[in-house]
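Notes follow the structure.
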Amino acid sequence: MNLRLAPEQMVELRQVVSSRAISADMALRVRIVLWSGEGRRRKDIAELLGISARTVDRWKTRFAEQGLAGLEDRSRDSGRVQVPPQTRARVIALTRMSPPAGLGLTHWSTRTLADHLRRRESITVSWHYIARVWREEKLRPQRQGTFKLSTDPDFADKVVDVVGLYLDPPGGAVVLSVDEKTGIQALDRTQPVLPVAYAAGEKRTSDYVRHGTTNLFAALNVTTGEVLGECTPARNAAHFLAFLKKAVRPHAGKEIHVVLDNLSTHSTPEVRAWLAKNPHVHFHFTPVGSSWLNQVEIWFGILTRQAIRRGTFSSVRVLIQQIRNYIDSWNETAKPFTWTATANEILAKVRLTQRNVRKLVANNSK
């Protein structure tokens, strides 16, 4: 019977088997498990590695019961060494802290943590053990994210206002999520891109030629998911107002609610004068430093991943045409984003983060 391995287990096994730090015996055992997870038959694995089928079964069973630690050598004169609970607790505690300043590390890896425990705290555990603890505790120090706490005094009121439009829009009204993606670069590689080939991904040169930039104004219809976009050579109040007029024109005769951020170009005298002449258009500003609340930002992320980041553009004109093509293709099968977070849930998470930040600052000041 073949082992059923999760994708992350397959990745870890491939990393282990290619490591120079493991013994030949350990590499053989890892290959047994890896090939079984890939669907190879028991007898084929045994023949390829020059071992018996019983040996294949033994290491597959050991891995199924104990994970990578089960593939390590055991002392012949003693049973399996149990790691004390205090050691596990220490691994977890250190993982959740930044490495000591004297190490010059920004974050832990399984090997650097195992080395630190051995040299500085006289605790000997393998990096395989640390990796297993991280999996079990869902700790991922190799990954990172970003956050920013808004200082807007009206944060709660603005969250309730914007989220209310998403979850319960006014009947018959149109909700548009509007923003600008600025400085999109037309990058051209110095040599042709090598396409996907057997056992090899797409390859491109690391150096590039920059042909210029464009700025994209976009309006996402929250109800339908359709996007209206327009590229301009610059981003200013005049361009914003011209795009806004274009975005609301198809919805004449309806109440229009526009969600947007706090850029100065959104509140110029010209924009305010236009709003006064068009009372059916209502602005709803996201809190300061909280552009993530604007749904069109989600779409910008998708656009970047699917059409821009890996693109090769010989001119700004080619870049703009790519963006237009993507928008047209998107609108053919447009679907709205499903917004599930309520205002109370968002505010609760923000309060929890604020409390954790205050604790962290207090601890660092001691």
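Labels for the structure tokens follow display order: chains A, B, ..., residues from 1 in each chain, ligands from 1.
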
**Study point:** DSSP helix (DSSP H, G or I) residues within range 22-65 of chain A, listed as an NGL selection string
**Key:** :A and (24-37 or 42-49 or 53-65)

Practice item. Find the residues near range 40-48 of chain A: any atom within 12 Å, counting only C-alpha atoms, skip ones fewer than 3 places away on the same chain, and give them as a list in words. Key: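 Counting only the stated atoms, we get Met1, Asn2, Leu3, Arg4, Leu28, Arg29, Val30, Arg31, Ile32, Val33, Leu34, Trp35, Ser36, Gly37, Ile51, Ser52, Ala53, Arg54, Thr55, Val56, Asp57, Arg58, Trp59 and Lys60 of chain A.
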
Export of prior selection with C-alpha atoms as a PDB file, in the first residue's frame:
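Wrote part_31.pdb, looks like this:
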```pdb
ATOM      1  CA  MET A   1       0.000   0.000   0.000  1.00  0.00           C
ATOM      2  CA  ASN A   2       1.325   3.458  -0.927  1.00  0.00           C
ATOM      3  CA  LEU A   3       1.540   6.212   1.641  1.00  0.00           C
ATOM      4  CA  ARG A   4      -0.766   9.184   1.273  1.00  0.00           C
ATOM      5  CA  LEU A  28      17.724   5.810   1.439  1.00  0.00           C
ATOM      6  CA  ARG A  29      14.899   5.672   3.975  1.00  0.00           C
ATOM      7  CA  VAL A  30      13.584   9.061   2.893  1.00  0.00           C
ATOM      8  CA  ARG A  31      13.609   7.907  -0.752  1.00  0.00           C
ATOM      9  CA  ILE A  32      11.545   4.875   0.223  1.00  0.00           C
ATOM     10  CA  VAL A  33       8.886   7.104   1.747  1.00  0.00           C
ATOM     11  CA  LEU A  34       9.082   9.733  -1.005  1.00  0.00           C
ATOM     12  CA  TRP A  35       8.756   7.230  -3.849  1.00  0.00           C
ATOM     13  CA  SER A  36       5.891   5.498  -2.078  1.00  0.00           C
ATOM     14  CA  GLY A  37       4.141   8.854  -1.717  1.00  0.00           C
ATOM     15  CA  ILE A  51      16.747  -3.810  -0.761  1.00  0.00           C
ATOM     16  CA  SER A  52      14.081  -6.289   0.285  1.00  0.00           C
ATOM     17  CA  ALA A  53      10.365  -5.580   0.159  1.00  0.00           C
ATOM     18  CA  ARG A  54      10.224  -6.095   3.931  1.00  0.00           C
ATOM     19  CA  THR A  55      12.698  -3.252   4.388  1.00  0.00           C
ATOM     20  CA  VAL A  56      10.459  -1.020   2.315  1.00  0.00           C
ATOM     21  CA  ASP A  57       7.482  -1.919   4.487  1.00  0.00           C
ATOM     22  CA  ARG A  58       9.415  -1.347   7.713  1.00  0.00           C
ATOM     23  CA  TRP A  59      10.433   2.229   6.913  1.00  0.00           C
ATOM     24  CA  LYS A  60       7.045   3.116   5.462  1.00  0.00           C
TER      25      LYS A  60
END
```

Practice item. Grab the CA of Val17 in chain A to CA of Ala114 in chain A distance for me, in Å with one decimal place. Key: 18.8 Å

Check your understanding: Among range 248-279 of chain A, which residues carry a DSSP assignment of strand (DSSP E or B), reported as number ranges by chain?
Key -> A: 256-260

Residues of the last selection are to be written out with N, CA, C and O atoms, as a JSON list (two decimals), in the first residue's frame.
```json
[["chain", "number", "residue", "atom", "x", "y", "z"],
["A", 256, "ILE", "N", -25.48, 56.23, -6.20],
["A", 256, "ILE", "CA", -24.17, 55.61, -6.39],
["A", 256, "ILE", "C", -23.31, 55.86, -5.15],
["A", 256, "ILE", "O", -23.11, 57.02, -4.75],
["A", 257, "HIS", "N", -22.84, 54.80, -4.56],
["A", 257, "HIS", "CA", -21.97, 54.89, -3.38],
["A", 257, "HIS", "C", -20.56, 54.47, -3.79],
["A", 257, "HIS", "O", -20.36, 53.37, -4.31],
["A", 258, "VAL", "N", -19.61, 55.36, -3.58],
["A", 258, "VAL", "CA", -18.23, 55.13, -4.00],
["A", 258, "VAL", "C", -17.35, 54.93, -2.78],
["A", 258, "VAL", "O", -17.26, 55.82, -1.90],
["A", 259, "VAL", "N", -16.69, 53.78, -2.69],
["A", 259, "VAL", "CA", -15.74, 53.49, -1.62],
["A", 259, "VAL", "C", -14.35, 53.82, -2.13],
["A", 259, "VAL", "O", -13.93, 53.33, -3.19],
["A", 260, "LEU", "N", -13.63, 54.64, -1.39],
["A", 260, "LEU", "CA", -12.29, 55.04, -1.82],
["A", 260, "LEU", "C", -11.46, 55.43, -0.60],
["A", 260, "LEU", "O", -11.99, 55.55, 0.52]]
```

Exercise for review: Work out how far CA of Arg204 in chain A is from CA of Gln9 in chain A, in Å to one decimal.
Suggested key: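 About the pair CA of Gln9 in chain A and CA of Arg204 in chain A: they are 29.0 Å apart.
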
Review point. Near range 278-294 of chain A, within 8 Å and counting only C-alpha atoms, which residues show up once chain neighbours fewer than 6 positions away are dropped, as a ChimeraX atom specification?
Key: /A:148-152,154-155,158-159,161-162,177-178,254-262

Write the residues you've just listed into a file as a PDB file, in the first residue's frame, and include N, CA and C atoms for each of them.
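File produced: result-v5.pdb:
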```pdb
ATOM      1  N   LYS A 148      -0.610  46.995   9.721  1.00  0.00           N
ATOM      2  CA  LYS A 148      -0.527  48.388  10.133  1.00  0.00           C
ATOM      3  C   LYS A 148      -1.805  48.735  10.872  1.00  0.00           C
ATOM      4  N   LEU A 149      -1.638  49.300  12.050  1.00  0.00           N
ATOM      5  CA  LEU A 149      -2.790  49.701  12.836  1.00  0.00           C
ATOM      6  C   LEU A 149      -3.148  51.141  12.500  1.00  0.00           C
ATOM      7  N   SER A 150      -4.371  51.357  12.117  1.00  0.00           N
ATOM      8  CA  SER A 150      -4.812  52.699  11.756  1.00  0.00           C
ATOM      9  C   SER A 150      -4.894  53.594  12.995  1.00  0.00           C
ATOM     10  N   THR A 151      -4.515  54.846  12.808  1.00  0.00           N
ATOM     11  CA  THR A 151      -4.626  55.840  13.880  1.00  0.00           C
ATOM     12  C   THR A 151      -5.814  56.767  13.654  1.00  0.00           C
ATOM     13  N   ASP A 152      -6.666  56.399  12.719  1.00  0.00           N
ATOM     14  CA  ASP A 152      -7.836  57.217  12.408  1.00  0.00           C
ATOM     15  C   ASP A 152      -8.787  57.242  13.612  1.00  0.00           C
ATOM     16  N   ASP A 154     -11.786  58.011  13.680  1.00  0.00           N
ATOM     17  CA  ASP A 154     -13.115  57.558  13.256  1.00  0.00           C
ATOM     18  C   ASP A 154     -13.056  56.151  12.646  1.00  0.00           C
ATOM     19  N   PHE A 155     -12.042  55.394  13.047  1.00  0.00           N
ATOM     20  CA  PHE A 155     -11.826  54.073  12.455  1.00  0.00           C
ATOM     21  C   PHE A 155     -13.072  53.204  12.534  1.00  0.00           C
ATOM     22  N   LYS A 158     -16.011  54.300  10.270  1.00  0.00           N
ATOM     23  CA  LYS A 158     -15.755  54.094   8.844  1.00  0.00           C
ATOM     24  C   LYS A 158     -15.825  52.617   8.482  1.00  0.00           C
ATOM     25  N   VAL A 159     -15.333  51.755   9.366  1.00  0.00           N
ATOM     26  CA  VAL A 159     -15.424  50.316   9.112  1.00  0.00           C
ATOM     27  C   VAL A 159     -16.884  49.892   9.021  1.00  0.00           C
ATOM     28  N   ASP A 161     -19.421  51.716   8.278  1.00  0.00           N
ATOM     29  CA  ASP A 161     -20.023  52.313   7.076  1.00  0.00           C
ATOM     30  C   ASP A 161     -19.680  51.506   5.825  1.00  0.00           C
ATOM     31  N   VAL A 162     -18.395  51.214   5.615  1.00  0.00           N
ATOM     32  CA  VAL A 162     -17.962  50.525   4.402  1.00  0.00           C
ATOM     33  C   VAL A 162     -18.438  49.079   4.384  1.00  0.00           C
ATOM     34  N   SER A 177     -16.205  50.330  -5.896  1.00  0.00           N
ATOM     35  CA  SER A 177     -14.955  50.376  -5.149  1.00  0.00           C
ATOM     36  C   SER A 177     -13.894  50.947  -6.080  1.00  0.00           C
ATOM     37  N   VAL A 178     -13.357  52.116  -5.740  1.00  0.00           N
ATOM     38  CA  VAL A 178     -12.493  52.875  -6.660  1.00  0.00           C
ATOM     39  C   VAL A 178     -11.127  53.113  -6.028  1.00  0.00           C
ATOM     40  N   LYS A 254     -29.469  56.355 -10.754  1.00  0.00           N
ATOM     41  CA  LYS A 254     -29.377  55.531  -9.549  1.00  0.00           C
ATOM     42  C   LYS A 254     -28.542  56.232  -8.482  1.00  0.00           C
ATOM     43  N   GLU A 255     -28.788  55.858  -7.241  1.00  0.00           N
ATOM     44  CA  GLU A 255     -27.908  56.297  -6.165  1.00  0.00           C
ATOM     45  C   GLU A 255     -26.600  55.523  -6.282  1.00  0.00           C
ATOM     46  N   ILE A 256     -25.479  56.234  -6.201  1.00  0.00           N
ATOM     47  CA  ILE A 256     -24.169  55.606  -6.394  1.00  0.00           C
ATOM     48  C   ILE A 256     -23.313  55.858  -5.149  1.00  0.00           C
ATOM     49  N   HIS A 257     -22.839  54.798  -4.561  1.00  0.00           N
ATOM     50  CA  HIS A 257     -21.973  54.888  -3.376  1.00  0.00           C
ATOM     51  C   HIS A 257     -20.562  54.472  -3.794  1.00  0.00           C
ATOM     52  N   VAL A 258     -19.608  55.360  -3.577  1.00  0.00           N
ATOM     53  CA  VAL A 258     -18.227  55.132  -4.005  1.00  0.00           C
ATOM     54  C   VAL A 258     -17.345  54.934  -2.780  1.00  0.00           C
ATOM     55  N   VAL A 259     -16.694  53.776  -2.694  1.00  0.00           N
ATOM     56  CA  VAL A 259     -15.742  53.488  -1.618  1.00  0.00           C
ATOM     57  C   VAL A 259     -14.350  53.825  -2.129  1.00  0.00           C
ATOM     58  N   LEU A 260     -13.626  54.640  -1.392  1.00  0.00           N
ATOM     59  CA  LEU A 260     -12.290  55.043  -1.818  1.00  0.00           C
ATOM     60  C   LEU A 260     -11.456  55.428  -0.600  1.00  0.00           C
ATOM     61  N   ASP A 261     -10.142  55.608  -0.815  1.00  0.00           N
ATOM     62  CA  ASP A 261      -9.266  55.913   0.313  1.00  0.00           C
ATOM     63  C   ASP A 261      -9.101  57.416   0.475  1.00  0.00           C
ATOM     64  N   ASN A 262      -8.131  57.816   1.301  1.00  0.00           N
ATOM     65  CA  ASN A 262      -8.036  59.214   1.727  1.00  0.00           C
ATOM     66  C   ASN A 262      -6.980  60.023   0.976  1.00  0.00           C
TER      67      ASN A 262
END
```
